Amino acid sequence: MTEALTPEAVRELARARGLELGPEEAAEVRDRLESIRAALEQARARLGAEAAEPAVEFEAAP
Amino acid sequence: MSWAIPAGEPWQWGVVEAAAAVRNGAVAPSELVESVLRRIEAVEPDLHAFTHVDRAGAEAQAEALTREAADGAWRGPLHGVPVAIKDIFDVAGLPTRCGSRLFDDAPPAAVDAEAVARLRSAGAVVVGKTATHELACGVYTEPARNPWDLERCCGGSSGGSAAAVAAGAAAAATGSDTGGSIRIPAALCGIVGVKPTYGLVSRRGVAALSWSLDHVGPLARSVEDAAAVLEAMAGVELRPLPDLDLAAVRLGVPDTPVLTRVQPEVRARFEEACAALAAAGAAVVDVPLPELEETLPVEFAIVMAEAASYHARAVRERSELIGAGIRELLRSGALLPAEDYLAAQRLRAAIRAAVARAFADHELDALLTPTLPLPAYAPTDERVVIEGVEEPVIEAAVRTTAPFNLTGLPVVSVPSGLAGGRLPVALQLVGRPRGERRLLALARAYERLRETPDLDAARPVGRETLRPRDAAVPRT
């Protein structure tokens with residue numbers, strides 16, 4: 001969950017994945033992750049996408 | 001079959017014209033390719049569309065094809081046609097650099113990408129590799145420029161391909177499209193771009209940006225030319241395109257701000273296009289599609305996560321070689337929770353279902369939208385104001401195109417006229433899954449209806465050389 005993330009927590013998480021982030025970079029990444037999550041949550045509320053499955057497929061050619 | 005020699009110099013000929021001229025003996029492949037190579041030499045100092053011009057390789061291919069033609073041996077429908085390849089596709093013997101310092105030392109590719117191999121087996125001659133925005137992730141493609149106005153961008157990420165084709169430096173080119181990267185540069189450079197149905201053209205040998213959104217397709221100067229190249233790339237039969245009875249065609253115009261908030265002249269050209277199709281008998285109906293408003297966070301979340309996965313090692317070990325903006329995107333993607341990535345994929349499924357319902361409920365053959373909300377911008381333009389709303393250029397550029405990466409539907413972008421009397425804008429036609437043949441036929445029908453003496457007269461391919469424009473155009 002990103003809600004509780006501080007820039008320092010982002011740096012720790014990044015370090016665990018082999019990435020070194022400076023304090024400013026960590027703040028930018030945190031802001032981007034929070035912004036994306038908020039936008040996705042709004043979209044989910046508007047579309048009611050709880051029932052959708054994450055598949056990519058098409059019907060047969062017409 | 002016509003035996004007439006097409007008008008103009010061979011570099012000005014389209015794919016179909018050039019192929020016919022070769023087949024008729026009006027020109028040898030070596031003459032055709034030499035003409036295009038000379039055109040490249042003339043425009044490239046200003047255009048910067050190519051990362052590598054393979055003169056020796058193109059000449060050798062053309063000579064072999066000339067000998068075969070003299071013996072009556074034809075490789076396929078593109079015998080001798082010069083094409084350019086976006087520098088994220090492997091071309092045997094040349095490095096694939098993806099517009100990134102990460103690949104400065106890339107060795108030559110051992111084999112062609114599948115799409116390139118198919119073009120060659122159809123007889124196409126590869127004249128070189130074209131510039132891409134870094135890692136195929138952006139809409140500027142510096143230092144390549146727009147042949148309609150050398151002070152402006154050619155778009156991206158397949159910017160070099162679009163600039164080269166628009167300037168006559170190739171008859172056609174390959175591109176890839178994750179959020180609009182074929183259609184954006186095609187629209188800004190006044191040519192045709194096709195993003196086929198997801199998976200129709202093989203991505204083998206093409207560097208990925210985002211696997212589930214990446215599409216491979218052609219750029220060319222006419223719909224017929226694009227159909228010929230797509231046919232070869234995909235290995236499907238598309239031609240002859242049927243002559244559509246437009247009175248039997250239903251077209252939907254999504255009534256949603258993400259697609260309708262465009263600059264006034266873009267709207268004017270779009271309304272002219274809709275009116276021309278309606279006057280020719282097509283039913284043009286408004287279609288509510290509010291789900292498309294959610295496009296951008298869904299697109300960006302998927303691209304971030306998938307690109308971070310694809311480039312994971314480079315992000316960990318050589319991130320100093322990645323531009324700052326893309327580096328931050330990749331690092332964010334590396335830390336995006338799986339829950340959020342899957343939320344984006346589920347929202348994508350909901351958007352795809354909504355568009356499928358719109359096609360079914362309104363019995364549509366295609367959706368119509370402006371390809372982009374604005375004409376070509378300057379390399380220094382980072383933000384733009386459209387209808388009183390300020391937004392980053394990248395978001396303005398992809399909000400009209402990315403919905404159809406999420407849906408995977410086929411799209412053709414066709415020039416629809418000029419803004420400011422000198423910069424191209426385009427119409428986007430979105431079809432049903434695997435409905436390329438009918439969609440291309442519809443796009444060609446529109447192309448024939450289009451009243452564009454100004455567009456045709458202003459085309460860079462009609463000019464001997466390219467020059468920076470003197471007159472200032474209001475910035476977007």
# chains A, B, ... in the order shown; residues from 1 in each chain; ligands from 1
call {"tool": "interface_residues", "arguments": {"of": "chain B", "to": "chain A", "cutoff": "7 Å", "atoms": "only C-alpha atoms", "output": "PyMOL selection string"}}
result
chain B and resi 291+294+297-298+301+316+328+332+335-336+340+342+344-347+349-350+433-435
call {"tool": "write_last_selection", "arguments": {"atoms": "C-alpha atoms", "output": "PDB file, in the first residue's frame"}}
result
ATOM      1  CA  GLU B 291     -15.485   5.059 -19.806  1.00  0.00           C
ATOM      2  CA  GLU B 294     -10.364   6.879 -17.424  1.00  0.00           C
ATOM      3  CA  PRO B 297      -4.072   6.447 -15.444  1.00  0.00           C
ATOM      4  CA  VAL B 298      -4.836   2.976 -16.772  1.00  0.00           C
ATOM      5  CA  ALA B 301       0.109   2.316 -14.816  1.00  0.00           C
ATOM      6  CA  ARG B 316      19.318  -1.351 -11.528  1.00  0.00           C
ATOM      7  CA  GLU B 328      11.845   8.194 -13.016  1.00  0.00           C
ATOM      8  CA  SER B 332       8.230   4.253 -10.294  1.00  0.00           C
ATOM      9  CA  LEU B 335       7.864   0.036  -7.175  1.00  0.00           C
ATOM     10  CA  LEU B 336       4.255   0.037  -8.387  1.00  0.00           C
ATOM     11  CA  ASP B 340      -2.300  -1.363  -8.730  1.00  0.00           C
ATOM     12  CA  LEU B 342      -3.849  -5.494 -11.768  1.00  0.00           C
ATOM     13  CA  ALA B 344      -5.272  -1.074 -14.173  1.00  0.00           C
ATOM     14  CA  GLN B 345      -5.636  -4.290 -16.177  1.00  0.00           C
ATOM     15  CA  ARG B 346      -9.123  -4.833 -14.747  1.00  0.00           C
ATOM     16  CA  LEU B 347     -10.126  -1.266 -15.600  1.00  0.00           C
ATOM     17  CA  ALA B 349     -11.011  -4.862 -19.417  1.00  0.00           C
ATOM     18  CA  ALA B 350     -13.984  -2.704 -18.395  1.00  0.00           C
ATOM     19  CA  PRO B 433     -11.112  -6.614 -33.973  1.00  0.00           C
ATOM     20  CA  ARG B 434      -9.318  -8.076 -36.988  1.00  0.00           C
ATOM     21  CA  GLY B 435     -11.431  -5.805 -39.186  1.00  0.00           C
TER      22      GLY B 435
END
call {"tool": "select_by_dssp", "arguments": {"residues": "range 201-327 of chain B", "states": "strand (DSSP E)", "output": "list of chain:residue names"}}
result
B:His215, B:Val216, B:Gly217, B:Pro218, B:Leu219, B:Ala220, B:Arg250, B:Leu251, B:Gly252, B:Val253, B:Pro254, B:Ala283, B:Val284, B:Val285, B:Asp286, B:Val287
call {"tool": "residues_around", "arguments": {"residues": "range 5-15 of chain B", "least_positions_apart": "4", "cutoff": "10 Å", "atoms": "only C-alpha atoms", "output": "PyMOL selection string"}}
result
chain B and resi 19-22+24-27+31-40+77-83+124+165-172+220-222+224-229+460-464
call {"tool": "closest_residue", "arguments": {"among": "B:Leu455, B:Leu213, B:Met304, B:Ala163", "to": "Ala84 in chain B", "atoms": "only C-alpha atoms"}}
result
B:Ala163
call {"tool": "closest_atom_pairs", "arguments": {"of": "range 285-349 of chain B", "to": "range 403-419 of chain B", "cutoff": "7 Å", "atoms": "only C-alpha atoms", "output": "Markdown table"}}
result
| residue | atom | partner | partner_atom | distance |
| --- | --- | --- | --- | --- |
| B:Leu292 | CA | B:Pro403 | CA | 6.4 |
| B:Thr295 | CA | B:Pro403 | CA | 5.7 |
| B:Glu299 | CA | B:Leu406 | CA | 7.0 |
| B:Arg348 | CA | B:Leu406 | CA | 5.9 |
call {"tool": "write_last_selection", "arguments": {"atoms": "N, CA and C atoms", "output": "tab-separated table (two decimals), in the first residue's frame"}}
result
chain	number	residue	atom	x	y	z
B	292	LEU	N	-14.07	6.08	-21.51
B	292	LEU	CA	-12.77	6.46	-22.08
B	292	LEU	C	-12.09	7.58	-21.29
B	295	THR	N	-8.89	6.68	-19.35
B	295	THR	CA	-7.80	6.09	-20.11
B	295	THR	C	-6.41	6.33	-19.52
B	299	GLU	N	-3.56	3.51	-18.75
B	299	GLU	CA	-2.45	3.38	-19.70
B	299	GLU	C	-1.10	3.55	-19.00
B	348	ARG	N	-8.90	-1.74	-17.60
B	348	ARG	CA	-8.74	-1.86	-19.05
B	348	ARG	C	-9.79	-2.81	-19.62
call {"tool": "closest_atom_pairs", "arguments": {"of": "range 128-212 of chain B", "to": "range 357-376 of chain B", "cutoff": "8 Å", "atoms": "only C-alpha atoms", "output": "tab-separated table"}}
result
residue	atom	partner	partner_atom	distance
B:Asn146	CA	B:Ala376	CA	7.8
B:Arg152	CA	B:Ala376	CA	6.1
B:Cys153	CA	B:Ala376	CA	6.1
B:Cys154	CA	B:Ala376	CA	6.9
B:Gly155	CA	B:Ala376	CA	7.3
B:Arg183	CA	B:Thr371	CA	7.0
B:Ile184	CA	B:Leu372	CA	6.9
B:Ala187	CA	B:Thr371	CA	6.7
B:Leu188	CA	B:Ala376	CA	5.2
B:Cys189	CA	B:Ala376	CA	7.9
call {"tool": "write_last_selection", "arguments": {"atoms": "C-alpha atoms", "output": "tab-separated table (two decimals), in the first residue's frame"}}
result
chain	number	residue	atom	x	y	z
B	146	ASN	CA	8.99	17.66	-38.95
B	152	ARG	CA	8.72	21.57	-34.96
B	153	CYS	CA	8.72	17.95	-33.82
B	154	CYS	CA	7.76	15.01	-35.96
B	155	GLY	CA	6.08	13.39	-32.94
B	183	ARG	CA	-0.55	7.49	-35.16
B	184	ILE	CA	0.90	10.56	-33.41
B	187	ALA	CA	-0.78	12.72	-37.92
B	188	LEU	CA	1.82	15.40	-37.24
B	189	CYS	CA	3.70	14.62	-40.47
call {"tool": "residues_around", "arguments": {"residues": "Gly156 in chain B", "least_positions_apart": "5", "cutoff": "12 Å", "atoms": "only C-alpha atoms", "output": "PyMOL selection string"}}
result
chain B and resi 49+86+99+130-146+161-163+175-189+376-377+379+393-394+397-398
